[in-house]
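J.: First the structure, which I've put down as structure tokens, then a few questions once you've had a look.
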Amino acid sequence: MGNCSPKPKRQSRSSKTLVDTSLPPAQLHGSESSLIAWRIRVALLYKRVAVEFVECGDDEPFLRCGSEMVTGSEESLLRYIDNRYGGPPSETVTETKERVMAAEVIVVQHRSIQQHVEGMAQWVAKLMAAGGDEWKEKAAEGRRMGKLYGELVEIMLEHAQMEERFIFPTLERTADYDVCRTANEQHGRHLPLMNGIKEDLKSLIAIDVGGPLYKEALLNLFLRFRTLQEHCKQHFQEEERELLPLLEAAESVRRKEGEEPWPPNRWVQQIMDLMEQTHSRLFTFFASGLFPNEALRYVGLVSGGDDQRAIAMLRSIAISIDT
């Protein structure tokens, strides 16, 4: 399989805790410049599998899991990983039509936001259940949660502004104006709740851990997160049911009116341009809210066929998981 040499795998305390030692380790043979190798590596890391990467000159990566050697297409390798290691799926869905790629990008963004809000609600629930001395041991978690929630708010605001500046004006050509206006108004109604959570987190940090007000503060924070979770779920479902299917219709209208069809990925690039922080400084946090197949699909959608861009995004995900 070519001239291969083991590449040292950096270890840290956090990476050791992320690896599930009950899972058999995997050895991935491939090239650092191979997009498929990076996609396979990220899929394994999402499964919490200890991965040793072995640099090869071969264009086609392959796996060694114990005495078993696995070769084949990217799809067959991802399918093997899913069957061997279980957990959320890695194998991605087939490509969709170019003109609806923007809708798929938005749906994946919805999934990331939903997963993060749900995860933070569960985080607060665990703090509530701890109590006593455990609260003092977890005192720093309030500050960490505040930092991560701040990043989530940035993503949510960029997402809302992207829709307001690009998606809604585009859809108004084919949709009932009231539908877009209603979605826009819902963004405004979410802001007080989002700001309320931010203030609750500040209060939680200031209150004496384990004091009489601490449990009440945790309960209030939990209830706000649950409310935000329900609001996001309803809002995203309405958008995906009523608005996003109209993106395809919007392109049809352009054709009927004699306008030139937009080039492939034009809408996706618009989304990228309007959500710059989400796809740079905040990208690894954004991707951490996705299942492996969603993350791999998203990178494929937003990289626009640029392998180097896709590899850079996958590398950032791998580093964030493995460090």
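Residue names in the structure tokens use chain letters A, B, ... in the order shown, residue numbers from 1 in each chain, and ligand numbers from 1 in the order shown.
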Leaving out Thr227 (chain A) and any residue of its chain fewer than 5 positions from it, which residues lie within 12 Å of it when counting only C-alpha atoms, given as a list of chain:residue names?
T.: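 Final neighbour list, sorted by chain and number: A:Val117, A:Glu118, A:Ala121, A:His190, A:Pro192, A:Leu193, A:Met194, A:Gly196, A:Ile197, A:Asn220, A:Leu221, A:Phe222, A:Cys232, A:Lys233, A:Gln234.
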J.: Using C-alpha atoms, can you write the selected residues to a file as a PDB file, in the first residue's frame?
T.:
```
ATOM      1  CA  VAL A 117     -29.207  24.757  23.327  1.00  0.00           C
ATOM      2  CA  GLU A 118     -30.344  21.269  24.372  1.00  0.00           C
ATOM      3  CA  ALA A 121     -30.078  22.757  29.258  1.00  0.00           C
ATOM      4  CA  HIS A 190     -36.066  35.566  20.821  1.00  0.00           C
ATOM      5  CA  PRO A 192     -35.071  39.163  25.280  1.00  0.00           C
ATOM      6  CA  LEU A 193     -34.942  35.470  26.187  1.00  0.00           C
ATOM      7  CA  MET A 194     -31.369  35.103  24.907  1.00  0.00           C
ATOM      8  CA  GLY A 196     -32.105  36.938  29.934  1.00  0.00           C
ATOM      9  CA  ILE A 197     -30.027  33.754  29.860  1.00  0.00           C
ATOM     10  CA  ASN A 220     -34.329  29.781  36.626  1.00  0.00           C
ATOM     11  CA  LEU A 221     -31.484  29.241  34.175  1.00  0.00           C
ATOM     12  CA  PHE A 222     -32.716  25.738  33.352  1.00  0.00           C
ATOM     13  CA  CYS A 232     -35.950  27.389  18.483  1.00  0.00           C
ATOM     14  CA  LYS A 233     -37.573  24.051  17.696  1.00  0.00           C
ATOM     15  CA  GLN A 234     -40.868  25.661  16.684  1.00  0.00           C
TER      16      GLN A 234
END
```
J.: Rounded to one decimal in Å, what is the spacing between CA of Asn293 (chain A) and CA of Val70 (chain A)?
T.: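 Rounded to one decimal, the two atoms are 19.7 Å apart.
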J.: Which of these residues is nearest to Thr170 (chain A), using only C-alpha atoms: A:Leu44, A:Leu127, A:His29, A:Leu243?
T.: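 Ranked by minimum distance to Thr170 (chain A), first place goes to A:Leu243.
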J.: Just to confirm, what's the straight-line distance from CA of Asp306 (chain A) to CA of Phe283 (chain A) in Å (one decimal)?
T.: 17.3 Å
J.: Compare A:Thr278, A:Ala125, A:Glu240, A:Ile311 by their minimum atom-to-atom distance to Met156 (chain A), counting only C-alpha atoms, and give me the closest one.
T.: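 Of all the options, A:Thr278 lies closest to Met156 (chain A).
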